[in-house]
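Here the structure is laid out as structure tokens; the discussion comes afterwards.
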Amino acid sequence: MKIIYRYIFIELITPLLFGIAAFAAIFIGTDLLFELIEYYNNYGVELLTLLQLFFLNLPTIIVITFPMATLLGTIMSYGRLSGDNEITALRAGGISVYRLVRPALFLGILMTLFTIGVNEYIVPQANYLNEQIVYQFKHGERMPSTQHNLFLTPLKDGYPDYVLYTKLYDGETGVMQEIIFQDYEEGKPVTLIQAENAVYTGDRWKFLNGHIYRLEPGERIPDLKFEEYDVNNLNYTPAQMARLDKKISDMNFTELIEYINLKKSQGNDVNKELVELHQRISIPFASFIFALLAATLGIQPQRSGGSATGMGLSIIVIFIYYTLMTVGSALGEQGTIPPFLGAWLQNFVFMITGAIMLYRLGR
């Protein structure tokens, strides 16, 4: 049995690689190359820089192609085995359909895990470097790490804990400038702090050169002038504050969770971010689901058409899958359905469909 599994698995590899190359070529030819040509024509970007941008964009493109390539490769492999009557011979030898699909499911699991790994450790860094290079030749300077007019309004028991405003925050140095900090108790403002600067000392924020005012109904009473003042309840680190201005595509899984918790603590809607978080798993998991569906389609008696039929079926399945994903994402982001369901809707539909097809085929 191990020999048969190995044989089928090896049969899957070549069409899989073909699928990755084919779909990557489509994305590169219809999007990336035009973008690079625009950079060359409009900004005079050097060829070496264009080559660097090309390779920095490849990880994002490649991980998109993995589920598609798994689908195409599995359909073509099992279609070839079925067309040459090898599936019929194996089934006549007592090998069940459930065993025949095991190599495809194993490949689907491998592709899922590999995609998650690339998304977690390679894609965010590649996207960030790509943005830095593009910003630099578009604006003639390095991409700034500063945030202007930053607000923080975390909630505590349903009421604002405090309101922080800083005119300028430098994410590299962790320095705030021109700060207004208003403290609350049970939803009522009690203290106002104005400071020229603030620095992070490792465990707390230190406000520099400012005034503290006690707030009473309708009036602001000067309480203290200071050169240094420790603010203990401002419990966000510089890294957490800098993440507020970071693009979601530049975050790994852990950073995205922290970003969601940070936005949630301020009472902001996070449905969109939650959908994105769940899609970090649901989209790579499409490789496993596509392997299941494609194996059941490929095992069935083949009509004429060969690889062209496999490509056509793949395009139809991909179109339906991403249509459902778009609908589910929109419903999840709006809160019509839970974000988890919005991110996994298409997977549930295709998983159930594939399981039913496999069950009927194995009867």
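Residue numbering restarts at 1 for every chain of the structure tokens, chains are lettered A, B, ... in their displayed order, and ligands are numbered from 1 as they appear.
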
Q | Residue contacts of region 247-262 of chain A (8 Å, only C-alpha atoms) excluding same-chain residues fewer than 5 positions away, as a ChimeraX atom specification | A | /A:119-121,123-125,127-128,240,270,273-274,277,280

Q.
If we count only C-alpha atoms and set the cut-off at 8 Å, which residues sit around Phe285 (chain A), ignoring sequence neighbours fewer than 6 positions away in its own chain? Please answer as a list in words.
A.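 The residues that qualify are Gly108, Ile109, Thr112 and Asn347 of chain A.
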
Q | Interatomic distance, CA of Met176 (chain A) to CA of Lys246 (chain A) (Å, one decimal) | A | 17.2 Å

Q: May I ask for the distance between CA of Val175 (chain A) and CA of Ile212 (chain A), given in Å to one decimal place?
A: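 Atom-to-atom, CA of Val175 (chain A) to CA of Ile212 (chain A), that is 19.7 Å.
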
Q. Can you tell me, as JSON, numbers by chain, what residues are no more than 9 Å from region 58-63 of chain A when counting only C-alpha atoms, ignoring any on the same chain fewer than 5 positions away?
A. {"A": [20, 21, 23, 24, 27, 28, 53, 114, 115, 116, 118, 119, 122, 123, 124, 126, 127, 284]}

Can those selected residues be exported to a file as a CSV table (one decimal), in the first residue's frame so that it contains N, CA and C atoms?
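So part-v1.csv came out as:
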```csv
chain,number,residue,atom,x,y,z
A,20,ILE,N,1.5,25.9,-10.1
A,20,ILE,CA,2.2,27.1,-9.5
A,20,ILE,C,2.8,28.0,-10.5
A,21,ALA,N,3.5,27.4,-11.5
A,21,ALA,CA,4.1,28.2,-12.5
A,21,ALA,C,3.1,28.9,-13.4
A,23,PHE,N,-0.2,29.7,-12.8
A,23,PHE,CA,-1.0,30.7,-12.1
A,23,PHE,C,-0.1,31.9,-11.7
A,24,ALA,N,1.1,31.6,-11.3
A,24,ALA,CA,2.0,32.7,-11.0
A,24,ALA,C,2.3,33.6,-12.2
A,27,PHE,N,-0.6,35.9,-12.8
A,27,PHE,CA,-0.6,37.1,-11.9
A,27,PHE,C,0.5,38.1,-12.3
A,28,ILE,N,1.7,37.5,-12.6
A,28,ILE,CA,2.8,38.4,-12.9
A,28,ILE,C,2.5,39.2,-14.2
A,53,LEU,N,12.2,44.6,-6.5
A,53,LEU,CA,10.8,44.6,-6.3
A,53,LEU,C,10.1,43.4,-6.8
A,114,PHE,N,2.6,24.8,4.6
A,114,PHE,CA,3.7,25.6,4.0
A,114,PHE,C,3.2,27.0,3.7
A,115,THR,N,1.9,27.2,3.2
A,115,THR,CA,1.4,28.5,3.0
A,115,THR,C,1.3,29.3,4.2
A,116,ILE,N,0.8,28.7,5.3
A,116,ILE,CA,0.7,29.4,6.6
A,116,ILE,C,2.1,29.9,7.0
A,118,VAL,N,4.8,30.6,5.1
A,118,VAL,CA,5.2,31.7,4.2
A,118,VAL,C,4.5,33.0,4.6
A,119,ASN,N,3.2,32.8,4.8
A,119,ASN,CA,2.4,34.0,5.2
A,119,ASN,C,2.8,34.6,6.5
A,122,ILE,N,7.4,35.3,5.9
A,122,ILE,CA,8.1,35.9,4.7
A,122,ILE,C,7.2,37.0,4.1
A,123,VAL,N,5.9,36.8,3.9
A,123,VAL,CA,5.1,37.8,3.3
A,123,VAL,C,5.1,39.1,4.0
A,124,PRO,N,4.9,39.2,5.3
A,124,PRO,CA,4.8,40.6,5.9
A,124,PRO,C,6.1,41.3,5.8
A,126,ALA,N,8.4,40.9,3.4
A,126,ALA,CA,8.6,41.3,2.0
A,126,ALA,C,7.7,42.5,1.6
A,127,ASN,N,6.4,42.5,2.1
A,127,ASN,CA,5.5,43.6,1.8
A,127,ASN,C,6.1,44.9,2.4
A,284,PRO,N,-5.3,29.5,3.3
A,284,PRO,CA,-4.3,28.4,3.1
A,284,PRO,C,-5.0,27.0,3.2
```

Q) Any idea what's packed within 12 Å of Leu234 (chain A), counting only C-alpha atoms, ignoring anything in its chain fewer than 2 positions away? Could you give it as a list in words? A) Leu152, Thr153, Pro154, Asp161, Tyr162, Val163, Leu164, Tyr165, Phe181, Gln182, Asp183, Ala198, Val199, Tyr200, Asp203, Arg204, Trp205, Lys206, Phe207, Asp230, Val231, Asn232, Tyr236, Thr237, Pro238, Gln240 and Met241 of chain A

Kindly export the residues of the current selection with C-alpha atoms, as an mmCIF file, in the first residue's frame.
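Saved as selection_12.cif:
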```cif
data_model
loop_
_atom_site.group_PDB
_atom_site.id
_atom_site.type_symbol
_atom_site.label_atom_id
_atom_site.label_comp_id
_atom_site.auth_asym_id
_atom_site.auth_seq_id
_atom_site.Cartn_x
_atom_site.Cartn_y
_atom_site.Cartn_z
ATOM 1 C CA LEU A 152 -5.815 56.606 22.114
ATOM 2 C CA THR A 153 -9.131 56.134 23.928
ATOM 3 C CA PRO A 154 -9.146 52.760 25.748
ATOM 4 C CA ASP A 161 -10.177 55.092 30.901
ATOM 5 C CA TYR A 162 -8.317 58.084 29.498
ATOM 6 C CA VAL A 163 -7.869 60.050 26.285
ATOM 7 C CA LEU A 164 -4.380 60.548 24.882
ATOM 8 C CA TYR A 165 -3.614 62.935 22.039
ATOM 9 C CA PHE A 181 -3.637 63.384 28.453
ATOM 10 C CA GLN A 182 -7.068 63.431 30.086
ATOM 11 C CA ASP A 183 -7.760 60.931 32.864
ATOM 12 C CA ALA A 198 7.036 62.074 26.502
ATOM 13 C CA VAL A 199 9.522 59.187 26.472
ATOM 14 C CA TYR A 200 9.199 55.516 27.356
ATOM 15 C CA ASP A 203 8.015 50.079 31.981
ATOM 16 C CA ARG A 204 6.160 53.425 31.917
ATOM 17 C CA TRP A 205 5.820 56.740 30.091
ATOM 18 C CA LYS A 206 7.559 59.828 31.445
ATOM 19 C CA PHE A 207 6.000 63.181 30.528
ATOM 20 C CA ASP A 230 5.461 59.379 35.432
ATOM 21 C CA VAL A 231 2.098 58.325 33.995
ATOM 22 C CA ASN A 232 1.390 54.851 35.327
ATOM 23 C CA TYR A 236 0.743 50.901 25.791
ATOM 24 C CA THR A 237 4.314 50.246 24.737
ATOM 25 C CA PRO A 238 5.927 52.176 21.848
ATOM 26 C CA GLN A 240 1.968 48.737 20.308
ATOM 27 C CA MET A 241 1.386 52.401 19.514
#
```

Q: Please run DSSP on the backbone and report, as a count of residues only, all residues within region 217-296 of chain A that come out as strand (DSSP E or B).
A: 13

Q: Write out as a list of chain:residue names each polymer residue whose atoms come within 12 Å of Gly218 (chain A), counting only C-alpha atoms; drop sequence neighbours fewer than 3 positions from it.
A: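 Everything that qualifies: A:Pro189, A:Val190, A:Arg214, A:Leu215, A:Ile221.
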
(Q) Going by DSSP on the backbone, which residues of region 110-196 of chain A come out as alpha helix (DSSP H)? List them as a list in words. (A)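 Going through region 110-196 of chain A, the alpha helix (DSSP H) residues come out as Leu110, Met111, Thr112, Leu113, Phe114, Thr115, Ile116, Gly117, Val118, Asn119, Glu120, Tyr121, Val123, Pro124, Gln125, Ala126, Asn127, Tyr128, Leu129, Asn130, Glu131, Gln132, Ile133, Val134, Tyr135, Gln136, Phe137, Lys138 and His139 of chain A.
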
Q: Within 9 Å of Pro160 (chain A), counting only C-alpha atoms, which residues show up once you throw out same-chain ones fewer than 6 positions away? Write them as a VMD selection string, please.
A: chain A and resid 153 to 154 183 to 188 266 to 267

Keeping only N, CA, C and O atoms, take the residues you just selected and write them out as a PDB file, in the first residue's frame.
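The result, stored in part_5.pdb:
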```
ATOM      1  N   THR A 153      -7.987  55.992  23.013  1.00  0.00           N
ATOM      2  CA  THR A 153      -9.131  56.134  23.928  1.00  0.00           C
ATOM      3  C   THR A 153      -9.560  54.751  24.424  1.00  0.00           C
ATOM      4  O   THR A 153     -10.631  54.257  24.039  1.00  0.00           O
ATOM      5  N   PRO A 154      -8.755  54.081  25.243  1.00  0.00           N
ATOM      6  CA  PRO A 154      -9.146  52.760  25.748  1.00  0.00           C
ATOM      7  C   PRO A 154     -10.340  52.841  26.698  1.00  0.00           C
ATOM      8  O   PRO A 154     -10.542  53.848  27.388  1.00  0.00           O
ATOM      9  N   ASP A 183      -7.430  62.119  32.088  1.00  0.00           N
ATOM     10  CA  ASP A 183      -7.760  60.931  32.864  1.00  0.00           C
ATOM     11  C   ASP A 183      -9.231  60.956  33.276  1.00  0.00           C
ATOM     12  O   ASP A 183      -9.789  62.023  33.552  1.00  0.00           O
ATOM     13  N   TYR A 184      -9.841  59.750  33.327  1.00  0.00           N
ATOM     14  CA  TYR A 184     -11.264  59.646  33.656  1.00  0.00           C
ATOM     15  C   TYR A 184     -11.463  58.738  34.864  1.00  0.00           C
ATOM     16  O   TYR A 184     -10.666  57.830  35.118  1.00  0.00           O
ATOM     17  N   GLU A 185     -12.529  59.004  35.609  1.00  0.00           N
ATOM     18  CA  GLU A 185     -13.001  58.111  36.663  1.00  0.00           C
ATOM     19  C   GLU A 185     -14.504  57.951  36.511  1.00  0.00           C
ATOM     20  O   GLU A 185     -15.238  58.951  36.558  1.00  0.00           O
ATOM     21  N   GLU A 186     -14.941  56.707  36.294  1.00  0.00           N
ATOM     22  CA  GLU A 186     -16.357  56.381  36.089  1.00  0.00           C
ATOM     23  C   GLU A 186     -16.980  57.238  34.993  1.00  0.00           C
ATOM     24  O   GLU A 186     -18.097  57.736  35.106  1.00  0.00           O
ATOM     25  N   GLY A 187     -16.219  57.420  33.927  1.00  0.00           N
ATOM     26  CA  GLY A 187     -16.724  58.136  32.769  1.00  0.00           C
ATOM     27  C   GLY A 187     -16.652  59.643  32.862  1.00  0.00           C
ATOM     28  O   GLY A 187     -17.072  60.336  31.931  1.00  0.00           O
ATOM     29  N   LYS A 188     -16.090  60.176  33.946  1.00  0.00           N
ATOM     30  CA  LYS A 188     -16.011  61.620  34.109  1.00  0.00           C
ATOM     31  C   LYS A 188     -14.549  62.063  34.109  1.00  0.00           C
ATOM     32  O   LYS A 188     -13.720  61.460  34.798  1.00  0.00           O
ATOM     33  N   GLN A 266     -10.144  50.218  22.607  1.00  0.00           N
ATOM     34  CA  GLN A 266     -10.575  51.605  22.398  1.00  0.00           C
ATOM     35  C   GLN A 266     -12.035  51.689  21.965  1.00  0.00           C
ATOM     36  O   GLN A 266     -12.519  52.777  21.640  1.00  0.00           O
ATOM     37  N   GLY A 267     -12.716  50.547  21.960  1.00  0.00           N
ATOM     38  CA  GLY A 267     -14.128  50.537  21.593  1.00  0.00           C
ATOM     39  C   GLY A 267     -14.388  50.596  20.104  1.00  0.00           C
ATOM     40  O   GLY A 267     -15.511  50.892  19.684  1.00  0.00           O
TER      41      GLY A 267
END
```

Q) Mind pulling up the distance from CA of Asn268 (chain A) to CA of Leu331 (chain A)? A)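 Taking CA of Leu331 (chain A) and CA of Asn268 (chain A), their separation equals 17.9 Å.
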
Q. Can you list, as a PyMOL selection string, every protein, DNA or RNA residue that comes within 10 Å of Tyr40 (chain A) when you count only C-alpha atoms, leaving out same-chain residues fewer than 6 positions away?
A. chain A and resi 34+46-47+49-50

Selection to disk with N, CA and C atoms, as a compact mmCIF listing (two decimals), in the first residue's frame:
```
# COMPACT_ATOMS: atom_id res chain seq x y z
N PHE A 34 3.12 45.13 -15.30
CA PHE A 34 2.62 46.46 -15.65
C PHE A 34 2.99 47.48 -14.57
N GLU A 46 15.85 52.14 -11.47
CA GLU A 46 16.91 51.32 -12.05
C GLU A 46 16.45 49.86 -12.15
N LEU A 47 17.04 49.16 -13.11
CA LEU A 47 16.66 47.76 -13.37
C LEU A 47 16.94 46.87 -12.16
N THR A 49 16.77 47.75 -9.02
CA THR A 49 15.70 47.99 -8.05
C THR A 49 14.41 47.31 -8.50
N LEU A 50 14.12 47.35 -9.80
CA LEU A 50 12.94 46.67 -10.33
C LEU A 50 13.02 45.17 -10.09
```
